[in-house]
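Structure first, then comments.
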Amino acid sequence: MTKKYDTPLLDELEKGPFPSFVTEMKKAAAKNAMAADELGQLEKSFRDKVTYWKHGGIVGVRGYGGGVIGRYSQLADEFPGVAHFHTVRVNQPSGLFYTSETMKFFCDLWDKYGSGLTNFHGSTGDIIFLGTVTDNLEPLATILSMNGFDLGGSGSAMRTPSCCVGPARCEWSMIDTLDITYDLTQEFQDELHRPQFPYKFKIKTVGCPVDCNASIARADLSIIGTWKGPIAIDQDKVKDYAKKGMNIQEEIVNFCPGKCITWDGNTLTINNSDCLHCMHCITKLAGALKPTPPFGAVILIGAKAPFVIGATLSWVIVPFMEMKPPYQEIKDLIRNMWDWWNEYGKNRERIGELILRRGMREFLEVCGLEPTPEMVKEPRNDPFWFWTEEDLEKKPWEEYLK
């Protein structure tokens, strides 16, 4: 029998039209003492407005320096089931493809060795097993390994690479995100499992600029599929969109950040030399427009939330890179930047923060990259704008901002 707790505050989270994690926790709590005590402690945290978790650092498993995040309760006497409540990260398959048999294996495994609470998927990408005790970690890791699964990344290490579904299910994917992610995961096993960096390093790969994994906002290194050829136009299909009610001028032309599209009511024209490859027109006019080869990837660096200066999107360091096996160019680039980061990075300083501190020029020199216009983080801000006091007297300052 598991202990049952009154949870009036958590019950409020079950109200409304959307599924609630509280409902799922209650299902697990009905048969698992760890889940029941977790429910009780969470209710107390809501009531007292205090977290009662102690971060236990990284808990070791033989052969690994990462993969298990230690959690210990400050209320072990009151909630003994969560005295130890470690989080186990398991390296997910590329694109998050599972069979029902695999999912049943995971659930049975965690019912036996943990709380039964899982997270598919956290923002890091890993399969997350929530809540187990130290003694269960070795047998758990062994069983996972015997069944073809490995622990994920945690601590000051390369985190588990993740990607979108890519060419498996998406017509817009211009690179093989699944193969790239698998290859990089295999290549950097040591950096993944044995923390040796100043802080975490995330790699996320997406097949096109739509960026379904939000790599540009969440990855230290973003690999985003792109193209070099012109955008192919099926004029008849464009006309069909117009006939069905789409306002091409308002919805396509006016929203183009490169201002490279024109529409005369009969023909859509794109000046590809001014195209910024944002994919807006291609996604809105699906089937009527499509990118053409050569295909490759744009490489970006430095996203993190929050930065010392606030949340920051990554910025371009390689406008176009061919992404063909064995992906040696991107691997060499990664190792070069890691060497520099390991040499100069402070404790808990992400690589983007180091670039801001020491400068993009030094970073590019270390990586052997030539500066290009695409690298400018804030283009279209003219630093050579001068004015006199007389100019300011003629017009209010706000006029200059229009």
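Going through the structure tokens in order, the chains are called A, B, and so on, while each chain numbers its residues from 1 and the ligands are numbered from 1 in the order shown.
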If we count only C-alpha atoms, what is near segment 365-373 of chain A at a cut-off of 9 Å, once residues fewer than 3 positions away on the same chain are taken out, given as a PDB file with N, CA and C atoms, in the first residue's frame?
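In the end it all went to around11.pdb:
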ATOM      1  N   ILE A 317      28.285  31.398 -38.069  1.00  0.00           N
ATOM      2  CA  ILE A 317      29.740  31.346 -38.207  1.00  0.00           C
ATOM      3  C   ILE A 317      30.160  30.700 -39.526  1.00  0.00           C
ATOM      4  N   VAL A 318      29.299  29.868 -40.110  1.00  0.00           N
ATOM      5  CA  VAL A 318      29.555  29.294 -41.436  1.00  0.00           C
ATOM      6  C   VAL A 318      28.262  29.414 -42.243  1.00  0.00           C
ATOM      7  N   PRO A 319      28.219  30.294 -43.254  1.00  0.00           N
ATOM      8  CA  PRO A 319      26.985  30.473 -44.023  1.00  0.00           C
ATOM      9  C   PRO A 319      26.540  29.227 -44.782  1.00  0.00           C
ATOM     10  N   ASP A 332      35.860  18.726 -37.271  1.00  0.00           N
ATOM     11  CA  ASP A 332      37.095  19.487 -37.042  1.00  0.00           C
ATOM     12  C   ASP A 332      36.778  20.860 -36.457  1.00  0.00           C
ATOM     13  N   LEU A 333      35.717  21.493 -36.952  1.00  0.00           N
ATOM     14  CA  LEU A 333      35.323  22.795 -36.433  1.00  0.00           C
ATOM     15  C   LEU A 333      34.946  22.696 -34.954  1.00  0.00           C
ATOM     16  N   ILE A 334      34.181  21.674 -34.599  1.00  0.00           N
ATOM     17  CA  ILE A 334      33.767  21.490 -33.208  1.00  0.00           C
ATOM     18  C   ILE A 334      34.974  21.313 -32.298  1.00  0.00           C
ATOM     19  N   ARG A 335      35.924  20.499 -32.734  1.00  0.00           N
ATOM     20  CA  ARG A 335      37.115  20.261 -31.894  1.00  0.00           C
ATOM     21  C   ARG A 335      37.941  21.535 -31.732  1.00  0.00           C
ATOM     22  N   ASN A 336      38.056  22.339 -32.783  1.00  0.00           N
ATOM     23  CA  ASN A 336      38.795  23.593 -32.688  1.00  0.00           C
ATOM     24  C   ASN A 336      38.153  24.536 -31.669  1.00  0.00           C
ATOM     25  N   MET A 337      36.842  24.661 -31.726  1.00  0.00           N
ATOM     26  CA  MET A 337      36.186  25.575 -30.794  1.00  0.00           C
ATOM     27  C   MET A 337      36.236  25.035 -29.362  1.00  0.00           C
ATOM     28  N   ASP A 339      38.710  23.266 -28.082  1.00  0.00           N
ATOM     29  CA  ASP A 339      40.071  23.520 -27.584  1.00  0.00           C
ATOM     30  C   ASP A 339      40.188  24.942 -27.045  1.00  0.00           C
ATOM     31  N   TRP A 340      39.645  25.902 -27.772  1.00  0.00           N
ATOM     32  CA  TRP A 340      39.704  27.308 -27.357  1.00  0.00           C
ATOM     33  C   TRP A 340      38.880  27.544 -26.098  1.00  0.00           C
ATOM     34  N   MET A 360      34.501  37.945 -31.141  1.00  0.00           N
ATOM     35  CA  MET A 360      34.297  37.051 -32.272  1.00  0.00           C
ATOM     36  C   MET A 360      35.549  36.940 -33.126  1.00  0.00           C
ATOM     37  N   ARG A 361      36.349  37.993 -33.205  1.00  0.00           N
ATOM     38  CA  ARG A 361      37.560  37.954 -34.041  1.00  0.00           C
ATOM     39  C   ARG A 361      38.490  36.837 -33.586  1.00  0.00           C
ATOM     40  N   GLU A 362      38.724  36.751 -32.285  1.00  0.00           N
ATOM     41  CA  GLU A 362      39.611  35.700 -31.769  1.00  0.00           C
ATOM     42  C   GLU A 362      39.025  34.323 -32.033  1.00  0.00           C
ATOM     43  N   VAL A 376      27.617  39.102 -39.099  1.00  0.00           N
ATOM     44  CA  VAL A 376      27.325  40.325 -38.351  1.00  0.00           C
ATOM     45  C   VAL A 376      26.055  40.112 -37.544  1.00  0.00           C
ATOM     46  N   PRO A 379      23.125  43.413 -38.131  1.00  0.00           N
ATOM     47  CA  PRO A 379      23.314  44.172 -39.364  1.00  0.00           C
ATOM     48  C   PRO A 379      22.282  45.287 -39.472  1.00  0.00           C
TER      49      PRO A 379
END
Near-Leu178 of chain A list (9 Å; only C-alpha atoms; drop same-chain fewer than 4 positions) as a list of chain:residue names: A:Pro93, A:Ser94, A:Gly95, A:Ser162, A:Cys163, A:Cys164, A:Val165, A:Gly166, A:Pro167, A:Ala168, A:Tyr182, A:Asp183, A:Thr205
Go ahead and dump the residues you just picked, C-alpha atoms, as an mmCIF file, in the first residue's frame.
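The result, stored in part_25.cif:
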data_model
loop_
_atom_site.group_PDB
_atom_site.id
_atom_site.type_symbol
_atom_site.label_atom_id
_atom_site.label_comp_id
_atom_site.auth_asym_id
_atom_site.auth_seq_id
_atom_site.Cartn_x
_atom_site.Cartn_y
_atom_site.Cartn_z
ATOM 1 C CA PRO A 93 16.954 7.784 -30.858
ATOM 2 C CA SER A 94 17.437 10.363 -33.626
ATOM 3 C CA GLY A 95 14.149 12.014 -34.510
ATOM 4 C CA SER A 162 19.097 16.003 -30.862
ATOM 5 C CA CYS A 163 17.376 16.679 -34.165
ATOM 6 C CA CYS A 164 14.079 17.043 -36.001
ATOM 7 C CA VAL A 165 12.504 14.151 -37.945
ATOM 8 C CA GLY A 166 14.394 15.296 -41.050
ATOM 9 C CA PRO A 167 14.091 13.320 -44.271
ATOM 10 C CA ALA A 168 12.221 10.512 -42.491
ATOM 11 C CA TYR A 182 23.795 9.596 -34.880
ATOM 12 C CA ASP A 183 27.278 10.132 -36.341
ATOM 13 C CA THR A 205 20.348 19.679 -35.987
#
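Compared by their closest atoms to Thr132 of chain A, and using only C-alpha atoms, the residues A:Ile175, A:Val61, A:Val210, A:Val88 rank with A:Val88 nearest.
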Given only C-alpha atoms as the counted atoms, nearest of A:Val298, A:Asn147, A:Lys284, A:Trp338 to Glu101 of chain A: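 Among the listed residues, the smallest separation from Glu101 of chain A belongs to A:Asn147.
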Neighbour list for Phe105 of chain A as a PyMOL selection string, cut-off 12 Å, only C-alpha atoms, skip fewer than 5 positions in-chain: chain A and resi 98-100+110-112+143-144+147-149
I need the chosen residues saved as a PDB file, in the first residue's frame, with C-alpha atoms.
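Here's the written file again.pdb:
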ATOM      1  CA  TYR A  98      10.008   4.468 -31.094  1.00  0.00           C
ATOM      2  CA  THR A  99       8.189   1.203 -31.486  1.00  0.00           C
ATOM      3  CA  SER A 100       5.385   0.341 -29.056  1.00  0.00           C
ATOM      4  CA  TRP A 110      11.043   2.188 -14.691  1.00  0.00           C
ATOM      5  CA  ASP A 111       8.171   0.637 -12.754  1.00  0.00           C
ATOM      6  CA  LYS A 112      10.714  -1.869 -11.435  1.00  0.00           C
ATOM      7  CA  ILE A 143      19.912  -3.445 -18.633  1.00  0.00           C
ATOM      8  CA  LEU A 144      19.676  -0.345 -20.817  1.00  0.00           C
ATOM      9  CA  ASN A 147      19.051  -3.532 -24.901  1.00  0.00           C
ATOM     10  CA  GLY A 148      20.910  -1.069 -27.108  1.00  0.00           C
ATOM     11  CA  PHE A 149      20.419   2.138 -25.115  1.00  0.00           C
TER      12      PHE A 149
END
Non-local contacts of segment 115-129 of chain A (8 Å; only C-alpha atoms; under 2 positions in same chain excluded) as a VMD selection string: chain A and resid 25 28 32 to 35 87 to 92 107 110 to 113 131 to 132 152 159 to 162
Who sits within 9 Å of segment 255-267 of chain A, only C-alpha atoms, same chain under 5 positions skipped, as a PyMOL selection string: chain A and resi 235+238-239+242+248-250+272-278+280-281
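Distances from A:Gly225, A:Pro326, A:Gly60, A:Gly155 to Phe197 of chain A were compared using only C-alpha atoms, and the smallest one belongs to A:Gly155.
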Sel. of strand (DSSP E) residues, segment 194-281 of chain A, as a PyMOL selection string: chain A and resi 203-206+221-227+232-233+261-263+268-270
Closest of A:Asp48, A:Gly65, A:Pro230, A:Leu140 to Ser154 of chain A - atom-to-atom distances counting only C-alpha atoms: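 Checking each candidate against Ser154 of chain A, we get A:Gly65 as the closest.
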